[in-house]
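Reading through the structure tokens given below for one structure.
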Amino acid sequence: MTESSSSFRNFAARLLDYEGVLVERVEPEGLELLAPAPVAHVLQIPELARLGFGMELPSNAERVGLESDWLERFGHLLGERGQAARVTLPVALPQLTNPERVVEHTVNFQNAVYRIVGVTPKWTRYLVMLFRVTAFSDEKRDSVVKLGFNLANSSPLDAIADQLLSAAIEIAAVTDAAVSAPASLPPDWTPAQLKSRAARALPERIEAHLAPFLKGMQRRLDRDLRRVHDYFNDLREESLLRLRKRLAVAEIETARERPRLEAITREYEAKVADLRHKYALRVDVTWSQTLEIVMPVQRVEILIRRRKGERRITLDWNPLARKLDVPPCEHSYTQSPARLVCDDRLHLTSPAAHAPCAGCDKAFCRACHPLQCPKCRREEG
Ligand SMILES: [Zn+2]
Ligand SMILES: [Zn+2]
């Protein structure tokens, strides 16, 4: 039994009990429910249902996990109460015994040096947002994509978001009284900041999330294309064969077969266009929930040096995940770890966000110049 699935089961049991559902634990790692009709309706389950939270399911159970849309279904049960929540996690904060090694392990600056200035215990605010992603093509697929940031330094939380969510769910389930956080916390982002960062960070996460679905779709498309191709190829060969036979006989017959051949080609092209249309992908993304998690961290201050420039940044070490923040790419907020430091303002970017311009080949920092190349003014796509 994993820690996260068992804490999710506890959370679900308490929430459902609170909503008037008769809940009984069944093994392995499941719940049996007798739900009032309105609750069953919101959760999209029968009034008598079984849910499974682990790898192994009880018989006739529906699987519930952080990867499925169940977080959202529970969110609907909470209604407005569940759309934006704040949880304080007063977890114990160990000392960082070897910050140099921790930083070395995470930080990968390709063109700059750094040194650690200090380590201080602090509190931070994490935002974990859930987005509902619906992909339509020949099939429809619904799922939930998570995106999280540390508000202190905009580091993306991909590596620790699941652990934070599980802990928040667990602790929210056992402590009803709100725990007070210290007064000194990172400030809110403006809606515009949040929107632009989420808009840049989301496509990469959604693509990665949809990759298996796209692969399956590509396989089905290839199979259908092959079938259509084989069918029309047979027709064409028959027609060509007739044409060749008749060539010897009479020119007049040839003139009759040629339009037929052209028609086959046209029909084939139309069929292929139909298939492309059938498999064309549309993806709808809607925000569904935001959870704010407030908790203590060890804040590591780092001095970055690039040529004559210097810049201080902070990275937080999270005691639950026992991981240090990945330095954010200040343009794309990508998950990939390599960073370049720009000459002018010492921005941190991924190599892709410091790539050569497609027009004039000069490399430039997209955090400094998000809209166009500073040299040839070519607009960024
Ligand atoms: Zn250029
Ligand atoms: Zn820059």
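FYI, nothing fancy with the structure tokens labels: chains A, B, ... in order, residues from 1 per chain, ligands from 1 as they appear.
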
Shell of 8 Å around Val91 of chain A, only C-alpha atoms, local chain residues under 2 positions omitted, as a PyMOL selection string: chain A and resi 89+93+295-296+319-320

Find the residues of chain A that sit at most 10 Å from ligand 2; for each, write down the nearest two atoms and how far apart they are in Å, to one decimal. Count only C-alpha atoms and all ligand atoms. Sort by chain, then by number going up, and give it as JSON lines.
```
{"residue": "A:Glu330", "atom": "CA", "partner": "ligand 2", "partner_atom_place_in_ligand_line": "1 (Zn)", "distance": 8.5}
{"residue": "A:His331", "atom": "CA", "partner": "ligand 2", "partner_atom_place_in_ligand_line": "1 (Zn)", "distance": 9.0}
{"residue": "A:Leu340", "atom": "CA", "partner": "ligand 2", "partner_atom_place_in_ligand_line": "1 (Zn)", "distance": 9.7}
{"residue": "A:Val341", "atom": "CA", "partner": "ligand 2", "partner_atom_place_in_ligand_line": "1 (Zn)", "distance": 7.5}
{"residue": "A:Cys342", "atom": "CA", "partner": "ligand 2", "partner_atom_place_in_ligand_line": "1 (Zn)", "distance": 4.8}
{"residue": "A:Asp343", "atom": "CA", "partner": "ligand 2", "partner_atom_place_in_ligand_line": "1 (Zn)", "distance": 6.9}
{"residue": "A:Asp344", "atom": "CA", "partner": "ligand 2", "partner_atom_place_in_ligand_line": "1 (Zn)", "distance": 5.9}
{"residue": "A:Arg345", "atom": "CA", "partner": "ligand 2", "partner_atom_place_in_ligand_line": "1 (Zn)", "distance": 5.1}
{"residue": "A:Leu346", "atom": "CA", "partner": "ligand 2", "partner_atom_place_in_ligand_line": "1 (Zn)", "distance": 5.9}
{"residue": "A:His347", "atom": "CA", "partner": "ligand 2", "partner_atom_place_in_ligand_line": "1 (Zn)", "distance": 4.4}
{"residue": "A:Leu348", "atom": "CA", "partner": "ligand 2", "partner_atom_place_in_ligand_line": "1 (Zn)", "distance": 7.3}
{"residue": "A:Thr349", "atom": "CA", "partner": "ligand 2", "partner_atom_place_in_ligand_line": "1 (Zn)", "distance": 7.9}
{"residue": "A:Ala353", "atom": "CA", "partner": "ligand 2", "partner_atom_place_in_ligand_line": "1 (Zn)", "distance": 9.6}
{"residue": "A:His354", "atom": "CA", "partner": "ligand 2", "partner_atom_place_in_ligand_line": "1 (Zn)", "distance": 8.6}
{"residue": "A:Phe364", "atom": "CA", "partner": "ligand 2", "partner_atom_place_in_ligand_line": "1 (Zn)", "distance": 7.8}
{"residue": "A:Cys365", "atom": "CA", "partner": "ligand 2", "partner_atom_place_in_ligand_line": "1 (Zn)", "distance": 4.6}
{"residue": "A:Arg366", "atom": "CA", "partner": "ligand 2", "partner_atom_place_in_ligand_line": "1 (Zn)", "distance": 6.5}
{"residue": "A:Ala367", "atom": "CA", "partner": "ligand 2", "partner_atom_place_in_ligand_line": "1 (Zn)", "distance": 4.8}
{"residue": "A:Cys368", "atom": "CA", "partner": "ligand 2", "partner_atom_place_in_ligand_line": "1 (Zn)", "distance": 3.9}
{"residue": "A:His369", "atom": "CA", "partner": "ligand 2", "partner_atom_place_in_ligand_line": "1 (Zn)", "distance": 7.2}
{"residue": "A:Pro370", "atom": "CA", "partner": "ligand 2", "partner_atom_place_in_ligand_line": "1 (Zn)", "distance": 9.4}
```

At most 9 Å is the cut-off: for each residue in chain A with any atom that close to an atom of ligand 1, write down the nearest atom pair and the distance in Å rounded to one decimal, counting only C-alpha atoms and all ligand atoms, chain first then increasing number, as JSON lines.
```
{"residue": "A:Pro356", "atom": "CA", "partner": "ligand 1", "partner_atom_place_in_ligand_line": "1 (Zn)", "distance": 7.7}
{"residue": "A:Cys357", "atom": "CA", "partner": "ligand 1", "partner_atom_place_in_ligand_line": "1 (Zn)", "distance": 4.6}
{"residue": "A:Ala358", "atom": "CA", "partner": "ligand 1", "partner_atom_place_in_ligand_line": "1 (Zn)", "distance": 6.5}
{"residue": "A:Gly359", "atom": "CA", "partner": "ligand 1", "partner_atom_place_in_ligand_line": "1 (Zn)", "distance": 4.7}
{"residue": "A:Cys360", "atom": "CA", "partner": "ligand 1", "partner_atom_place_in_ligand_line": "1 (Zn)", "distance": 4.0}
{"residue": "A:Asp361", "atom": "CA", "partner": "ligand 1", "partner_atom_place_in_ligand_line": "1 (Zn)", "distance": 6.1}
{"residue": "A:Lys362", "atom": "CA", "partner": "ligand 1", "partner_atom_place_in_ligand_line": "1 (Zn)", "distance": 5.8}
{"residue": "A:Ala363", "atom": "CA", "partner": "ligand 1", "partner_atom_place_in_ligand_line": "1 (Zn)", "distance": 8.0}
{"residue": "A:Phe364", "atom": "CA", "partner": "ligand 1", "partner_atom_place_in_ligand_line": "1 (Zn)", "distance": 8.4}
{"residue": "A:Gln372", "atom": "CA", "partner": "ligand 1", "partner_atom_place_in_ligand_line": "1 (Zn)", "distance": 7.7}
{"residue": "A:Cys373", "atom": "CA", "partner": "ligand 1", "partner_atom_place_in_ligand_line": "1 (Zn)", "distance": 4.5}
{"residue": "A:Pro374", "atom": "CA", "partner": "ligand 1", "partner_atom_place_in_ligand_line": "1 (Zn)", "distance": 6.6}
{"residue": "A:Lys375", "atom": "CA", "partner": "ligand 1", "partner_atom_place_in_ligand_line": "1 (Zn)", "distance": 5.1}
{"residue": "A:Cys376", "atom": "CA", "partner": "ligand 1", "partner_atom_place_in_ligand_line": "1 (Zn)", "distance": 4.1}
{"residue": "A:Arg377", "atom": "CA", "partner": "ligand 1", "partner_atom_place_in_ligand_line": "1 (Zn)", "distance": 5.9}
{"residue": "A:Arg378", "atom": "CA", "partner": "ligand 1", "partner_atom_place_in_ligand_line": "1 (Zn)", "distance": 5.5}
{"residue": "A:Glu379", "atom": "CA", "partner": "ligand 1", "partner_atom_place_in_ligand_line": "1 (Zn)", "distance": 8.4}
```

Please list as a list of chain:residue names every residue within 6 Å of segment 64-75 of chain A, counting only C-alpha atoms and excluding residues in the same chain fewer than 4 positions away. A:Leu43, A:Gly52, A:Phe53, A:Gly82, A:Ser143, A:Val144

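Shortest separation to Ala183 of chain A among A:Arg236, A:Arg125, A:Arg219, A:Arg205 occurs at residue A:Arg125, atoms counted being only C-alpha atoms.
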
Quick one: everything within 6 Å of Arg86 of chain A, counting only C-alpha atoms, minus sequence neighbours fewer than 6 positions away in the same chain. Send it as a list in words.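 With the cut-off at 6 Å, the set is Leu291, Glu292 and Ile293 of chain A.
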
Using the selection just defined, write its residues with all heavy atoms as an mmCIF file, in the first residue's frame.
```cif
data_model
loop_
_atom_site.group_PDB
_atom_site.id
_atom_site.type_symbol
_atom_site.label_atom_id
_atom_site.label_comp_id
_atom_site.auth_asym_id
_atom_site.auth_seq_id
_atom_site.Cartn_x
_atom_site.Cartn_y
_atom_site.Cartn_z
ATOM 1 N N LEU A 291 -5.215 24.812 -5.426
ATOM 2 C CA LEU A 291 -4.945 24.559 -4.025
ATOM 3 C C LEU A 291 -3.672 25.310 -3.652
ATOM 4 O O LEU A 291 -2.665 25.208 -4.342
ATOM 5 C CB LEU A 291 -4.752 23.057 -3.783
ATOM 6 C CG LEU A 291 -4.472 22.667 -2.332
ATOM 7 C CD1 LEU A 291 -5.679 22.972 -1.449
ATOM 8 C CD2 LEU A 291 -4.128 21.197 -2.236
ATOM 9 N N GLU A 292 -3.764 26.084 -2.571
ATOM 10 C CA GLU A 292 -2.561 26.769 -2.088
ATOM 11 C C GLU A 292 -2.055 26.011 -0.879
ATOM 12 O O GLU A 292 -2.817 25.710 0.039
ATOM 13 C CB GLU A 292 -2.916 28.203 -1.709
ATOM 14 C CG GLU A 292 -1.709 28.971 -1.234
ATOM 15 C CD GLU A 292 -2.065 30.378 -0.764
ATOM 16 O OE1 GLU A 292 -3.011 30.978 -1.306
ATOM 17 O OE2 GLU A 292 -1.388 30.849 0.159
ATOM 18 N N ILE A 293 -0.789 25.694 -0.895
ATOM 19 C CA ILE A 293 -0.192 24.952 0.209
ATOM 20 C C ILE A 293 0.872 25.826 0.860
ATOM 21 O O ILE A 293 1.803 26.293 0.189
ATOM 22 C CB ILE A 293 0.418 23.620 -0.290
ATOM 23 C CG1 ILE A 293 -0.697 22.748 -0.868
ATOM 24 C CG2 ILE A 293 1.142 22.898 0.835
ATOM 25 C CD1 ILE A 293 -0.231 21.646 -1.764
#
```

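If you measure from each of A:Ala355, A:Asn60, A:Ala12, A:Glu24 to Glu380 of chain A using only C-alpha atoms, the closest one turns out to be A:Ala355.
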
Run DSSP on the backbone and tell me which residues of segment 171-332 of chain A come out as alpha helix (DSSP H); list them as an NGL selection string. :A and (171-174 or 191-249 or 251-278)

Show me, as a list of chain:residue names, the residues that have an atom within 10 Å of Leu235 of chain A when counting only C-alpha atoms, minus same-chain residues fewer than 3 positions from it.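 These residues fall inside the cut-off: A:His229, A:Asp230, A:Tyr231, A:Phe232, A:Glu238, A:Ser239, A:Leu240, A:Leu241, A:Arg260, A:Leu261, A:Ile264, A:Thr265.
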
Take the residues that were just selected and, keeping N, CA, C and O atoms, output them as a PDB file, in the first residue's frame.
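Result went into part-v1.pdb, see below:
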```pdb
ATOM      1  N   HIS A 229      -5.322   2.976 -48.771  1.00  0.00           N
ATOM      2  CA  HIS A 229      -4.310   2.932 -49.821  1.00  0.00           C
ATOM      3  C   HIS A 229      -4.355   1.599 -50.565  1.00  0.00           C
ATOM      4  O   HIS A 229      -4.365   1.554 -51.792  1.00  0.00           O
ATOM      5  N   ASP A 230      -4.417   0.494 -49.800  1.00  0.00           N
ATOM      6  CA  ASP A 230      -4.426  -0.827 -50.425  1.00  0.00           C
ATOM      7  C   ASP A 230      -5.658  -0.993 -51.318  1.00  0.00           C
ATOM      8  O   ASP A 230      -5.566  -1.503 -52.430  1.00  0.00           O
ATOM      9  N   TYR A 231      -6.788  -0.549 -50.819  1.00  0.00           N
ATOM     10  CA  TYR A 231      -8.036  -0.688 -51.578  1.00  0.00           C
ATOM     11  C   TYR A 231      -7.962   0.060 -52.911  1.00  0.00           C
ATOM     12  O   TYR A 231      -8.242  -0.491 -53.975  1.00  0.00           O
ATOM     13  N   PHE A 232      -7.530   1.329 -52.847  1.00  0.00           N
ATOM     14  CA  PHE A 232      -7.497   2.131 -54.074  1.00  0.00           C
ATOM     15  C   PHE A 232      -6.362   1.709 -54.999  1.00  0.00           C
ATOM     16  O   PHE A 232      -6.465   1.812 -56.209  1.00  0.00           O
ATOM     17  N   GLU A 238      -6.030  -2.575 -61.385  1.00  0.00           N
ATOM     18  CA  GLU A 238      -6.974  -3.214 -62.308  1.00  0.00           C
ATOM     19  C   GLU A 238      -7.210  -2.321 -63.517  1.00  0.00           C
ATOM     20  O   GLU A 238      -7.193  -2.758 -64.662  1.00  0.00           O
ATOM     21  N   SER A 239      -7.444  -1.060 -63.210  1.00  0.00           N
ATOM     22  CA  SER A 239      -7.754  -0.111 -64.271  1.00  0.00           C
ATOM     23  C   SER A 239      -6.569   0.037 -65.229  1.00  0.00           C
ATOM     24  O   SER A 239      -6.735   0.053 -66.444  1.00  0.00           O
ATOM     25  N   LEU A 240      -5.364   0.097 -64.670  1.00  0.00           N
ATOM     26  CA  LEU A 240      -4.163   0.220 -65.499  1.00  0.00           C
ATOM     27  C   LEU A 240      -3.982  -1.005 -66.392  1.00  0.00           C
ATOM     28  O   LEU A 240      -3.587  -0.891 -67.555  1.00  0.00           O
ATOM     29  N   LEU A 241      -4.304  -2.151 -65.793  1.00  0.00           N
ATOM     30  CA  LEU A 241      -4.166  -3.394 -66.522  1.00  0.00           C
ATOM     31  C   LEU A 241      -5.091  -3.396 -67.735  1.00  0.00           C
ATOM     32  O   LEU A 241      -4.686  -3.736 -68.850  1.00  0.00           O
ATOM     33  N   ARG A 260     -11.647   7.185 -65.701  1.00  0.00           N
ATOM     34  CA  ARG A 260     -11.913   6.289 -64.582  1.00  0.00           C
ATOM     35  C   ARG A 260     -10.716   6.283 -63.630  1.00  0.00           C
ATOM     36  O   ARG A 260     -10.865   6.356 -62.414  1.00  0.00           O
ATOM     37  N   LEU A 261      -9.537   6.244 -64.217  1.00  0.00           N
ATOM     38  CA  LEU A 261      -8.303   6.250 -63.436  1.00  0.00           C
ATOM     39  C   LEU A 261      -8.175   7.550 -62.639  1.00  0.00           C
ATOM     40  O   LEU A 261      -7.834   7.553 -61.459  1.00  0.00           O
ATOM     41  N   ILE A 264     -10.496   7.485 -59.726  1.00  0.00           N
ATOM     42  CA  ILE A 264      -9.987   6.679 -58.606  1.00  0.00           C
ATOM     43  C   ILE A 264      -9.012   7.503 -57.776  1.00  0.00           C
ATOM     44  O   ILE A 264      -9.077   7.527 -56.545  1.00  0.00           O
ATOM     45  N   THR A 265      -8.123   8.204 -58.452  1.00  0.00           N
ATOM     46  CA  THR A 265      -7.144   9.023 -57.742  1.00  0.00           C
ATOM     47  C   THR A 265      -7.835  10.099 -56.897  1.00  0.00           C
ATOM     48  O   THR A 265      -7.501  10.311 -55.741  1.00  0.00           O
TER      49      THR A 265
END
```

I'd like the contact shell of Phe213 of chain A - 10 Å cut-off, only C-alpha atoms, skipping same-chain residues fewer than 4 positions apart - returned as a list in words.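 Result of the neighbour search: Ala135, Glu139, Lys140, Arg141, Glu207, Ala208, His209, Met217, Gln218 and Arg219 of chain A.
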
Any chance you could export the current selection's N, CA and C atoms as a PDB file, in the first residue's frame?
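Saved the output as result.pdb:
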```pdb
ATOM      1  N   ALA A 135      -9.428  15.912 -24.940  1.00  0.00           N
ATOM      2  CA  ALA A 135      -8.900  15.777 -26.298  1.00  0.00           C
ATOM      3  C   ALA A 135      -9.937  15.056 -27.141  1.00  0.00           C
ATOM      4  N   GLU A 139     -11.609   9.561 -30.998  1.00  0.00           N
ATOM      5  CA  GLU A 139     -12.065   9.221 -29.662  1.00  0.00           C
ATOM      6  C   GLU A 139     -12.021  10.467 -28.797  1.00  0.00           C
ATOM      7  N   LYS A 140     -12.675  10.387 -27.639  1.00  0.00           N
ATOM      8  CA  LYS A 140     -12.643  11.522 -26.719  1.00  0.00           C
ATOM      9  C   LYS A 140     -11.935  11.074 -25.458  1.00  0.00           C
ATOM     10  N   ARG A 141     -11.095  11.930 -24.918  1.00  0.00           N
ATOM     11  CA  ARG A 141     -10.403  11.556 -23.699  1.00  0.00           C
ATOM     12  C   ARG A 141     -10.371  12.713 -22.726  1.00  0.00           C
ATOM     13  N   GLU A 207       1.126  18.304 -23.638  1.00  0.00           N
ATOM     14  CA  GLU A 207       1.680  17.432 -24.678  1.00  0.00           C
ATOM     15  C   GLU A 207       2.210  16.141 -24.087  1.00  0.00           C
ATOM     16  N   ALA A 208       2.971  16.270 -22.994  1.00  0.00           N
ATOM     17  CA  ALA A 208       3.536  15.076 -22.358  1.00  0.00           C
ATOM     18  C   ALA A 208       2.412  14.179 -21.862  1.00  0.00           C
ATOM     19  N   HIS A 209       1.377  14.804 -21.332  1.00  0.00           N
ATOM     20  CA  HIS A 209       0.257  14.056 -20.778  1.00  0.00           C
ATOM     21  C   HIS A 209      -0.517  13.323 -21.876  1.00  0.00           C
ATOM     22  N   MET A 217      -3.646   7.244 -31.357  1.00  0.00           N
ATOM     23  CA  MET A 217      -4.387   7.850 -32.459  1.00  0.00           C
ATOM     24  C   MET A 217      -3.597   7.718 -33.760  1.00  0.00           C
ATOM     25  N   GLN A 218      -2.284   7.982 -33.689  1.00  0.00           N
ATOM     26  CA  GLN A 218      -1.423   7.872 -34.866  1.00  0.00           C
ATOM     27  C   GLN A 218      -1.458   6.440 -35.409  1.00  0.00           C
ATOM     28  N   ARG A 219      -1.459   5.467 -34.492  1.00  0.00           N
ATOM     29  CA  ARG A 219      -1.484   4.065 -34.903  1.00  0.00           C
ATOM     30  C   ARG A 219      -2.778   3.756 -35.660  1.00  0.00           C
TER      31      ARG A 219
END
```
